[in-house]
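This is final_21.cif. It holds mmCIF, C-alpha atoms.
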data_my_file
loop_
_atom_site.label_atom_id
_atom_site.label_comp_id
_atom_site.auth_asym_id
_atom_site.auth_seq_id
_atom_site.Cartn_x
_atom_site.Cartn_y
_atom_site.Cartn_z
CA MET I 299 -24.30 -25.24 -35.62
CA ALA I 300 -21.25 -24.61 -37.83
CA ALA I 301 -23.10 -25.91 -40.89
CA ALA I 302 -26.03 -23.62 -40.12
CA GLU I 303 -23.76 -20.59 -39.78
CA GLU I 304 -22.13 -21.30 -43.14
CA ALA I 305 -25.41 -21.88 -44.99
CA PRO I 306 -25.47 -19.59 -48.06
CA ILE I 307 -27.99 -16.78 -48.37
CA HIS I 308 -30.28 -17.30 -51.31
CA GLY I 309 -33.84 -17.07 -52.57
CA ASP I 310 -36.29 -14.53 -51.17
CA ILE I 311 -34.00 -13.58 -48.28
CA LEU I 312 -31.14 -12.61 -50.60
CA GLU I 313 -33.47 -10.65 -52.87
CA ALA I 314 -34.91 -8.79 -49.86
CA ILE I 315 -31.40 -7.88 -48.67
CA LEU I 316 -30.39 -6.69 -52.15
CA SER I 317 -33.43 -4.44 -52.34
CA HIS I 318 -31.81 -2.26 -49.65
CA VAL I 319 -28.42 -2.05 -51.39
CA PRO I 320 -27.70 1.14 -53.41
CA LEU I 321 -27.94 0.49 -57.12
CA ILE I 322 -24.29 1.30 -57.83
CA HIS I 323 -23.18 -1.36 -55.32
CA LEU I 324 -25.24 -3.99 -57.13
CA VAL I 325 -22.86 -3.80 -60.10
CA PRO I 326 -20.01 -5.81 -58.48
CA ILE I 327 -22.55 -8.09 -56.76
CA CYS I 328 -23.72 -9.22 -60.20
CA HIS I 329 -20.25 -10.71 -60.75
CA VAL I 330 -20.20 -12.85 -57.58
CA SER I 331 -22.01 -15.75 -59.26
CA ASN I 332 -24.79 -16.48 -61.72
CA SER I 333 -27.23 -17.12 -58.89
CA TRP I 334 -26.45 -13.76 -57.30
CA LYS I 335 -26.82 -12.08 -60.70
CA ARG I 336 -30.26 -13.65 -61.05
CA ALA I 337 -31.11 -12.52 -57.51
CA VAL I 338 -30.18 -8.92 -58.38
CA SER I 339 -32.35 -9.04 -61.50
CA SER I 340 -35.28 -10.51 -59.58
CA SER I 341 -34.93 -7.99 -56.75
CA LEU I 342 -34.93 -5.08 -59.20
CA ALA I 343 -37.88 -6.53 -61.10
CA HIS I 344 -40.14 -7.39 -58.17
CA LEU I 345 -39.07 -5.61 -54.97
CA ARG I 346 -37.40 -2.26 -55.66
CA PRO I 347 -37.12 -1.36 -59.35
CA ILE I 348 -34.65 1.10 -60.85
CA LYS I 349 -35.88 4.69 -61.00
CA PRO I 350 -34.59 7.44 -63.33
CA TRP I 351 -31.64 9.43 -62.05
CA LEU I 352 -31.27 13.18 -61.80
CA ILE I 353 -27.97 14.17 -63.40
CA VAL I 354 -26.39 17.44 -62.26
CA LEU I 355 -23.31 19.00 -63.85
CA THR I 356 -21.54 21.86 -62.10
CA GLN I 357 -19.17 24.15 -63.98
CA SER I 358 -16.82 26.87 -62.87
CA PRO I 359 -17.93 30.27 -64.24
CA ARG I 360 -14.29 31.33 -64.62
CA ALA I 361 -12.87 28.12 -66.10
CA SER I 362 -15.37 26.25 -68.26
CA HIS I 363 -13.21 23.13 -68.41
CA VAL I 364 -13.55 22.66 -64.63
CA THR I 365 -16.66 20.53 -64.21
CA LYS I 366 -18.05 17.93 -61.83
CA LEU I 367 -20.78 15.40 -62.53
CA HIS I 368 -23.20 14.22 -59.85
CA ALA I 369 -26.23 11.95 -59.90
CA TYR I 370 -29.16 11.44 -57.55
CA ASP I 371 -30.56 7.91 -57.41
CA PRO I 372 -34.13 8.13 -56.00
CA ARG I 373 -34.42 4.35 -55.64
CA SER I 374 -31.54 4.32 -53.18
CA ASP I 375 -31.95 7.94 -52.02
CA VAL I 376 -28.23 8.59 -52.46
CA TRP I 377 -26.08 11.13 -54.28
CA LEU I 378 -23.04 10.00 -56.24
CA GLU I 379 -20.10 11.85 -57.70
CA ILE I 380 -18.99 10.50 -61.07
CA LYS I 381 -15.26 11.08 -61.36
CA ASN I 382 -13.08 11.11 -64.47
CA HIS I 383 -16.05 11.64 -66.74
CA MET I 384 -13.80 13.26 -69.35
CA CYS I 385 -15.89 16.09 -70.77
CA PRO I 386 -13.68 19.17 -71.14
CA HIS I 387 -15.71 22.16 -72.30
CA SER I 388 -14.65 25.56 -73.54
CA SER I 389 -18.14 27.11 -73.20
CA PRO I 390 -21.06 26.92 -70.77
CA VAL I 391 -22.97 23.63 -70.62
CA ARG I 392 -26.73 24.10 -70.90
CA SER I 393 -29.91 22.08 -70.64
CA SER I 394 -33.02 23.08 -72.57
CA HIS I 395 -34.82 19.73 -72.61
CA SER I 396 -34.92 17.39 -69.63
CA SER I 397 -32.92 14.61 -71.31
CA LEU I 398 -30.17 16.59 -73.04
CA LEU I 399 -27.04 18.59 -72.22
CA TYR I 400 -25.33 20.74 -74.84
CA THR I 401 -22.76 23.43 -75.59
CA LEU I 402 -22.94 25.85 -78.50
CA THR I 403 -20.18 27.96 -80.01
CA PRO I 404 -19.76 29.56 -83.46
CA ALA I 405 -17.59 26.58 -84.42
CA GLU I 406 -19.27 23.59 -82.78
CA PHE I 407 -22.49 22.16 -81.41
CA ALA I 408 -21.78 19.44 -78.82
CA PHE I 409 -24.47 17.45 -77.04
CA SER I 410 -24.93 14.46 -74.77
CA LEU I 411 -27.86 12.04 -75.03
CA ASP I 412 -26.88 8.95 -73.03
CA ALA I 413 -28.47 8.18 -69.67
CA LEU I 414 -25.41 9.11 -67.58
CA HIS I 415 -24.32 11.93 -69.92
CA LEU I 416 -20.79 10.62 -70.10
CA ASN I 417 -20.53 10.60 -73.92
CA TRP I 418 -20.67 13.64 -76.18
CA HIS I 419 -21.47 14.07 -79.88
CA HIS I 420 -19.67 16.81 -81.79
CA ALA I 421 -21.25 18.49 -84.81
CA PRO I 422 -20.78 21.68 -86.81
CA SER I 423 -22.67 24.65 -85.41
CA PRO I 424 -26.11 25.49 -86.86
CA ARG I 425 -26.23 27.86 -89.83
CA VAL I 426 -28.02 30.48 -87.74
CA TRP I 427 -26.05 31.78 -84.76
CA ARG I 428 -28.03 31.60 -81.52
CA THR I 429 -27.46 32.63 -77.91
CA ASP I 430 -30.40 31.10 -76.02
CA PRO I 431 -32.26 28.60 -78.21
CA ILE I 432 -34.70 25.83 -77.45
CA VAL I 433 -32.84 22.54 -77.91
CA ALA I 434 -34.70 19.24 -77.76
CA ARG I 435 -34.06 15.63 -78.59
CA VAL I 436 -36.82 14.14 -80.74
CA GLY I 437 -36.09 10.52 -81.63
CA SER I 438 -32.79 10.40 -83.53
CA ARG I 439 -32.87 14.14 -84.18
CA VAL I 440 -31.94 17.23 -82.19
CA VAL I 441 -34.06 20.31 -82.89
CA VAL I 442 -32.62 23.80 -82.36
CA ALA I 443 -35.23 26.56 -82.46
CA GLY I 444 -35.32 30.31 -81.87
CA GLY I 445 -32.92 32.16 -79.61
CA ALA I 446 -31.17 33.77 -82.59
CA CYS I 447 -28.83 36.74 -82.28
CA GLU I 448 -30.17 40.19 -83.10
CA PHE I 449 -28.16 40.46 -86.33
CA GLU I 450 -29.73 37.28 -87.76
CA ASP I 451 -32.52 37.78 -90.31
CA ASP I 452 -34.90 35.24 -88.80
CA PRO I 453 -35.21 35.11 -84.98
CA LEU I 454 -37.71 32.24 -85.37
CA ALA I 455 -35.35 30.01 -87.38
CA VAL I 456 -35.50 26.25 -86.79
CA GLU I 457 -32.84 23.70 -87.70
CA MET I 458 -32.69 19.98 -87.08
CA TYR I 459 -29.61 17.77 -86.72
CA ASP I 460 -29.89 14.09 -87.61
CA VAL I 461 -27.64 12.05 -85.31
CA GLU I 462 -27.46 9.14 -87.76
CA SER I 463 -26.70 11.05 -90.98
CA ARG I 464 -24.78 13.77 -89.10
CA ALA I 465 -26.37 16.50 -91.19
CA TRP I 466 -28.30 19.70 -90.51
CA GLU I 467 -31.66 20.41 -92.11
CA THR I 468 -33.46 23.75 -92.27
CA CYS I 469 -37.08 23.53 -91.11
CA PRO I 470 -40.09 25.89 -91.20
CA SER I 471 -39.67 28.75 -88.77
CA MET I 472 -41.51 29.00 -85.47
CA PRO I 473 -45.00 30.58 -85.65
CA ALA I 474 -45.01 34.39 -85.71
CA LEU I 475 -47.03 34.54 -82.48
CA LEU I 476 -43.88 33.42 -80.63
CA LYS I 477 -41.66 36.16 -82.11
CA ASP I 478 -41.40 38.03 -78.79
CA SER I 479 -40.56 34.92 -76.74
CA THR I 480 -38.21 32.76 -78.79
CA ALA I 481 -35.60 32.22 -76.06
CA SER I 482 -35.54 29.19 -73.75
CA SER I 483 -36.06 31.49 -70.76
CA TRP I 484 -39.56 32.30 -72.07
CA LEU I 485 -40.55 28.97 -73.57
CA SER I 486 -41.00 25.48 -72.17
CA VAL I 487 -40.37 22.42 -74.34
CA ALA I 488 -41.78 18.90 -74.17
CA VAL I 489 -41.53 15.93 -76.53
CA THR I 490 -44.06 13.18 -77.20
CA GLY I 491 -43.14 10.65 -79.87
CA GLU I 492 -41.86 12.53 -82.91
CA VAL I 493 -43.50 15.83 -81.91
CA MET I 494 -41.96 18.80 -80.08
CA HIS I 495 -44.29 21.08 -78.11
CA LEU I 496 -43.33 24.69 -77.32
CA THR I 497 -45.28 26.49 -74.60
CA GLU I 498 -45.09 30.18 -73.72
CA LYS I 499 -44.70 30.01 -69.94
CA HIS I 500 -46.89 32.96 -68.97
CA SER I 501 -49.80 32.52 -71.36
CA GLY I 502 -49.80 28.76 -71.91
CA VAL I 503 -50.00 29.29 -75.68
CA THR I 504 -48.58 26.14 -77.28
CA TYR I 505 -47.46 25.13 -80.76
CA SER I 506 -46.45 21.63 -81.87
CA PHE I 507 -43.82 20.74 -84.47
CA ASP I 508 -43.95 17.33 -86.15
CA THR I 509 -40.36 16.42 -87.01
CA VAL I 510 -41.50 13.87 -89.62
CA SER I 511 -43.95 16.00 -91.63
CA LYS I 512 -42.00 19.23 -90.78
CA LYS I 513 -45.27 21.02 -89.98
CA TRP I 514 -46.36 23.29 -87.13
CA GLU I 515 -49.79 23.02 -85.54
CA GLY I 516 -51.57 25.34 -83.12
CA PRO I 517 -52.05 27.49 -81.24
CA PHE I 518 -53.37 25.41 -78.35
CA ASP I 519 -54.10 26.63 -74.84
CA LEU I 520 -52.28 24.63 -72.16
CA ARG I 521 -52.97 27.04 -69.35
CA PRO I 522 -55.00 24.82 -66.98
CA ASP I 523 -57.21 27.66 -65.68
CA GLU I 524 -57.19 31.39 -65.01
CA SER I 525 -55.64 30.95 -61.56
CA VAL I 526 -52.38 29.73 -63.15
CA PHE I 527 -50.00 32.55 -64.05
CA ASN I 528 -46.95 30.51 -65.01
CA CYS I 529 -46.71 27.02 -66.44
CA VAL I 530 -44.16 24.64 -67.91
CA THR I 531 -44.70 21.46 -69.88
CA GLY I 532 -42.92 18.12 -69.78
CA THR I 533 -43.50 14.43 -70.24
CA LEU I 534 -43.82 11.62 -67.73
CA GLY I 535 -43.41 8.47 -69.76
CA GLU I 536 -45.39 9.30 -72.90
CA ARG I 537 -47.88 11.53 -71.08
CA LEU I 538 -47.82 15.26 -71.75
CA MET I 539 -47.89 17.11 -68.42
CA VAL I 540 -48.21 20.69 -67.19
CA ALA I 541 -46.81 22.11 -63.96
CA GLY I 542 -48.51 25.36 -63.03
CA VAL I 543 -47.98 28.06 -60.43
CA VAL I 544 -51.29 29.13 -58.90
CA GLY I 545 -51.88 32.67 -57.67
CA GLU I 546 -50.27 35.84 -58.91
CA PHE I 547 -46.91 37.57 -58.92
CA GLY I 548 -45.93 38.20 -55.33
CA ASN I 549 -48.68 35.92 -53.99
CA VAL I 550 -48.04 32.28 -54.88
CA ARG I 551 -50.78 30.04 -53.49
CA GLY I 552 -49.64 26.69 -54.80
CA VAL I 553 -48.01 24.50 -57.44
CA LYS I 554 -50.03 21.82 -59.20
CA LEU I 555 -49.55 19.10 -61.82
CA TRP I 556 -51.97 18.33 -64.65
CA GLU I 557 -52.03 15.64 -67.34
CA VAL I 558 -53.15 16.55 -70.85
CA ARG I 559 -55.81 14.03 -71.89
CA GLY I 560 -57.15 13.21 -75.33
CA GLY I 561 -54.83 15.43 -77.34
CA LEU I 562 -53.97 19.11 -77.18
CA GLY I 563 -56.97 21.30 -76.49
CA SER I 564 -59.12 18.39 -75.31
CA GLY I 565 -58.77 19.00 -71.60
CA MET I 566 -56.61 18.28 -68.56
CA VAL I 567 -56.87 16.28 -65.36
CA GLU I 568 -55.26 17.45 -62.12
CA VAL I 569 -52.78 14.88 -60.85
CA GLY I 570 -51.46 16.42 -57.65
CA GLU I 571 -50.51 19.50 -55.65
CA MET I 572 -47.19 20.30 -54.00
CA PRO I 573 -47.36 20.49 -50.17
CA LYS I 574 -47.42 24.08 -48.94
CA GLU I 575 -44.16 23.81 -47.00
CA MET I 576 -42.37 22.65 -50.15
CA VAL I 577 -43.85 25.45 -52.26
CA TRP I 578 -41.92 27.94 -50.15
CA LYS I 579 -38.70 25.96 -50.62
CA VAL I 580 -39.08 26.08 -54.39
CA MET I 581 -40.57 29.53 -54.85
CA GLY I 582 -39.47 31.50 -51.79
CA ASP I 583 -39.41 35.18 -52.66
CA SER I 584 -37.46 34.66 -55.88
CA GLU I 585 -38.43 35.51 -59.41
CA LEU I 586 -40.13 32.75 -61.41
CA GLY I 587 -37.24 32.66 -63.84
CA SER I 588 -35.04 31.20 -61.12
CA VAL I 589 -37.17 28.03 -60.79
CA GLU I 590 -36.23 25.13 -63.05
CA VAL I 591 -38.19 21.93 -63.62
CA THR I 592 -36.76 18.60 -64.83
CA TRP I 593 -38.99 15.77 -66.04
CA ILE I 594 -37.75 12.19 -66.30
CA GLY I 595 -39.60 8.88 -66.20
CA ASP I 596 -42.34 9.30 -63.57
CA PHE I 597 -40.39 11.99 -61.68
CA VAL I 598 -40.58 15.77 -61.61
CA TYR I 599 -37.79 17.75 -59.95
CA ALA I 600 -38.14 21.44 -59.11
CA ARG I 601 -35.28 23.57 -57.88
CA ASN I 602 -34.69 27.22 -57.18
CA THR I 603 -31.43 28.34 -58.75
CA SER I 604 -31.17 31.09 -56.14
CA VAL I 605 -31.40 28.56 -53.28
CA PRO I 606 -29.51 25.53 -54.62
CA GLU I 607 -29.12 23.61 -51.35
CA GLU I 608 -32.47 21.84 -51.64
CA LEU I 609 -34.85 20.61 -54.31
CA VAL I 610 -38.32 19.06 -54.41
CA ALA I 611 -39.03 15.74 -56.10
CA CYS I 612 -42.40 14.31 -57.06
CA GLU I 613 -43.01 10.73 -58.18
CA VAL I 614 -46.29 10.21 -60.01
CA VAL I 615 -47.44 6.74 -58.99
CA ASN I 616 -49.61 4.77 -61.42
CA GLY I 617 -50.40 8.01 -63.19
CA VAL I 618 -52.88 9.17 -60.54
CA GLY I 619 -51.10 9.89 -57.25
CA CYS I 620 -48.13 12.00 -56.23
CA GLU I 621 -45.46 11.24 -53.65
CA TRP I 622 -43.54 14.38 -52.74
CA ARG I 623 -40.18 14.58 -51.03
CA SER I 624 -37.62 17.23 -50.17
CA VAL I 625 -34.09 16.31 -51.27
CA ARG I 626 -30.85 17.91 -50.10
CA ASN I 627 -28.77 18.82 -53.11
CA GLY I 628 -25.54 16.84 -52.97
CA ALA I 629 -24.15 18.57 -56.07
CA VAL I 630 -23.87 22.04 -54.56
CA SER I 631 -20.50 23.61 -55.26
CA HIS I 632 -19.87 27.17 -54.05
CA GLY I 633 -19.87 29.63 -56.92
CA ALA I 634 -20.34 27.02 -59.65
CA ARG I 635 -23.01 27.01 -62.34
CA MET I 636 -25.43 24.11 -62.04
CA VAL I 637 -27.19 22.35 -64.91
CA ALA I 638 -29.69 19.52 -64.37
CA CYS I 639 -31.25 16.91 -66.61
CA GLY I 640 -32.58 13.37 -66.31
CA GLY I 641 -31.29 9.93 -67.17
CA ASN I 642 -33.17 6.66 -67.65
CA VAL I 643 -30.35 4.62 -66.17
CA CYS I 644 -30.27 0.82 -66.38
CA MET I 645 -27.84 -1.78 -64.99
CA GLU I 646 -26.19 -2.14 -68.40
CA ASP I 647 -25.35 1.59 -68.39
CA LEU I 648 -23.70 1.31 -64.99
CA GLN I 649 -21.83 -1.87 -65.87
CA ARG I 650 -20.40 -0.32 -69.04
CA ALA I 651 -19.35 2.81 -67.17
CA VAL I 652 -17.73 0.89 -64.30
CA MET I 653 -16.06 -1.74 -66.51
CA SER I 654 -14.59 0.95 -68.79
CA GLY I 655 -12.13 1.72 -66.02
CA THR I 656 -12.25 5.46 -66.78
CA ARG I 657 -15.05 6.38 -64.37
CA THR I 658 -15.57 5.87 -60.68
CA PHE I 659 -18.80 6.32 -58.74
CA CYS I 660 -18.45 7.61 -55.19
CA VAL I 661 -21.44 7.69 -52.83
CA LYS I 662 -21.71 11.04 -51.07
CA HIS I 663 -22.74 10.89 -47.41
CA MET I 664 -25.14 13.75 -46.73
#

What would the structure in this file look like if it were written as structure tokens?
Amino acid sequence: MAAAEEAPIHGDILEAILSHVPLIHLVPICHVSNSWKRAVSSSLAHLRPIKPWLIVLTQSPRASHVTKLHAYDPRSDVWLEIKNHMCPHSSPVRSSHSSLLYTLTPAEFAFSLDALHLNWHHAPSPRVWRTDPIVARVGSRVVVAGGACEFEDDPLAVEMYDVESRAWETCPSMPALLKDSTASSWLSVAVTGEVMHLTEKHSGVTYSFDTVSKKWEGPFDLRPDESVFNCVTGTLGERLMVAGVVGEFGNVRGVKLWEVRGGLGSGMVEVGEMPKEMVWKVMGDSELGSVEVTWIGDFVYARNTSVPEELVACEVVNGVGCEWRSVRNGAVSHGARMVACGGNVCMEDLQRAVMSGTRTFCVKHM
């Protein structure tokens, strides 16, 4: 009996147990032994794989240097607070593209690209001063477009920063058709490969900028149909997607997802529709400008900035089905600004962060 009680846990049983352990707690388990490390890897590969995290940074509106970093792990369905993340800021942190955080001042352009958004790059500010630009990561480059101040000569100016050479490059300006909607509040941005797509939210008019050839193409129509009066674009994996609000101002009938098939202008396929009870949570009676969408991996997150306590998550399964869930927002901080983006987190990212000794991950009990 004693021998049976002391028998080690291994094989399929251990892997099944580990599949129910929050991802952050698997980091120390990997250091128990080589066999347990292999069990963690096998469990993540075959039973419950890692899913992209939602990263949320909150910032005091009165003291920009006061920030907190939170993360939602959909695999484990837990919120974590990341302490001692060491990112003092003297200006508001923003997110224009789902995988990037940035700050912009007349003296400096700072941005974060890593999965956990713990590390920041610091570069000189763009030549053109901007207040609300589109900012997107495209490969090893960061594109800054539009959003220029009124006193600038070209409100459609585009500049591109190369992370490797650490140099700015002036690019062809945005198409003239976008001159009345150059700010990020009017435009949606998505990236596929080396191409950045800008979509006017109300009309669906879309232009694409190839960062290699430095050429614009378009216009294309990404408005799924006439019943959609507001749409935003994003990518799930390498697939260009559209999230559209169906109905009219003051009478929202639904929110749907479409996948762009066969290139821009070739058609779309409906992927899923948000449950009616969740539509109210996201839309409520607020203005459309208060709804923000974050795309990462196979997940879409929608949140109403006016009602921050809850958000809606959608996982697109095998590219054809949607699993919707309502998620309590564990990052809510009274009076603080909230900025969200995504992170394709892997075990190596967590191990580096934990082993650095400068960050701690605390599970929040909701």

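For range 475-480 of chain I, the residues within 9 Å (counting only C-alpha atoms, excluding itself and residues fewer than 4 positions away along the chain) are I:Asp430, I:Pro431, I:Ile432, I:Ala443, I:Gly444, I:Gly445, I:Ala446, I:Pro453, I:Leu454, I:Trp484, I:Leu485, I:Glu498, I:Val503, I:Pro517.
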
Legend entry - Contacts of range 641-652 of chain I at 9 Å (only C-alpha atoms; same-chain gap of 2+ positions) as a ChimeraX atom specification: /I:321-322,324-326,348-353,396-398,411-416,594-595,639,654-659

Legend entry - Residue contacts of His632 in chain I (12 Å, only C-alpha atoms) excluding same-chain residues fewer than 2 positions away, as an NGL selection string: :I and (356-359 or 605-607 or 628-630 or 634-636)

Those same residues, written as a CSV table (one decimal), keeping the file's coordinate frame with C-alpha atoms?
chain,number,residue,atom,x,y,z
I,356,THR,CA,-21.5,21.9,-62.1
I,357,GLN,CA,-19.2,24.2,-64.0
I,358,SER,CA,-16.8,26.9,-62.9
I,359,PRO,CA,-17.9,30.3,-64.2
I,605,VAL,CA,-31.4,28.6,-53.3
I,606,PRO,CA,-29.5,25.5,-54.6
I,607,GLU,CA,-29.1,23.6,-51.4
I,628,GLY,CA,-25.5,16.8,-53.0
I,629,ALA,CA,-24.2,18.6,-56.1
I,630,VAL,CA,-23.9,22.0,-54.6
I,634,ALA,CA,-20.3,27.0,-59.6
I,635,ARG,CA,-23.0,27.0,-62.3
I,636,MET,CA,-25.4,24.1,-62.0

Please determine an axis-aligned box that encloses all atoms of range 437-451 of chain I listed in the file, with 6 Å added on each side, and express its centre and edge lengths in Å to one decimal as AutoDock Vina command-line options.
--center_x -32.1 --center_y 25.4 --center_z -85.0 --size_x 19.9 --size_y 42.1 --size_z 22.7

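Rounded to one decimal, CA of Ala369 in chain I and CA of Cys620 in chain I lie 22.2 Å from each other.
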
Inset, instruction - Give me the result of the PyMOL selection byres ((chain I and resi 465) around 12) on this file, residue by residue, as a PyMOL selection string. - result: chain I and resi 407+420-425+438-441+457-464+466-468

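Nearest residue to Gly619 in chain I among I:Tyr599, I:Trp377, I:Trp514, I:Trp556 is I:Trp556, counting only C-alpha atoms.
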
On this structure, the PyMOL selection byres ((chain I and resi 569) around 9) would catch which residues? List them as a tab-separated table (two decimals) with C-alpha atoms, in the frame of the given file, sorted by chain and number.
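Just written: expr26.tsv:
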chain	number	residue	atom	x	y	z
I	554	LYS	CA	-50.03	21.82	-59.20
I	555	LEU	CA	-49.55	19.10	-61.82
I	556	TRP	CA	-51.97	18.33	-64.65
I	557	GLU	CA	-52.03	15.64	-67.34
I	567	VAL	CA	-56.87	16.28	-65.36
I	568	GLU	CA	-55.26	17.45	-62.12
I	570	GLY	CA	-51.46	16.42	-57.65
I	571	GLU	CA	-50.51	19.50	-55.65
I	614	VAL	CA	-46.29	10.21	-60.01
I	617	GLY	CA	-50.40	8.01	-63.19
I	618	VAL	CA	-52.88	9.17	-60.54
I	619	GLY	CA	-51.10	9.89	-57.25
I	620	CYS	CA	-48.13	12.00	-56.23

Inset, instruction - Run the PyMOL selection byres ((chain I and resi 540-553) around 8) against the file shown and list the residues it catches, as an MDAnalysis selection string. - result: chainID I and resid 520:522 525:532 538:539 554:558 571:572 574 577 581 583

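If you look at CA of Lys335 in chain I and CA of Ser317 in chain I, they are 13.1 Å away from each other.
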
Inset, instruction - Grab the CA of Glu379 in chain I to CA of Leu367 in chain I distance for me, in Å with one decimal place. - result: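 Here the two named atoms are 6.0 Å from each other.
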
Inset, instruction - Could you give me, as a ChimeraX atom specification, the residues within 9 Å of Lys512 in chain I, counting only C-alpha atoms and dropping anything in the same chain fewer than 4 positions from it? - result: /I:469-470,507-508

Inset, instruction - List the neighbours of Ala611 in chain I out to 8 Å using all atoms listed in the file; skip same-chain residues closer than 5 positions along the sequence, and give me the result as an MDAnalysis selection string. - result: chainID I and resid 597:600 622:625

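With distances taken from (-18.3, 26.8, -70.3) and restricted to only C-alpha atoms, the residues inside 8 Å are Gln357, Ser358, Pro359, Ala361, Ser362, His363, His387, Ser388, Ser389, Pro390, Val391 and Thr401 of chain I.
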
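These residues, each with an atom at most 8 Å from (-50.4, 17.6, -78.6) using only C-alpha atoms, are Thr490, Val493, His495, Ser506, Leu538, Gly561, Leu562 and Gly563 of chain I.
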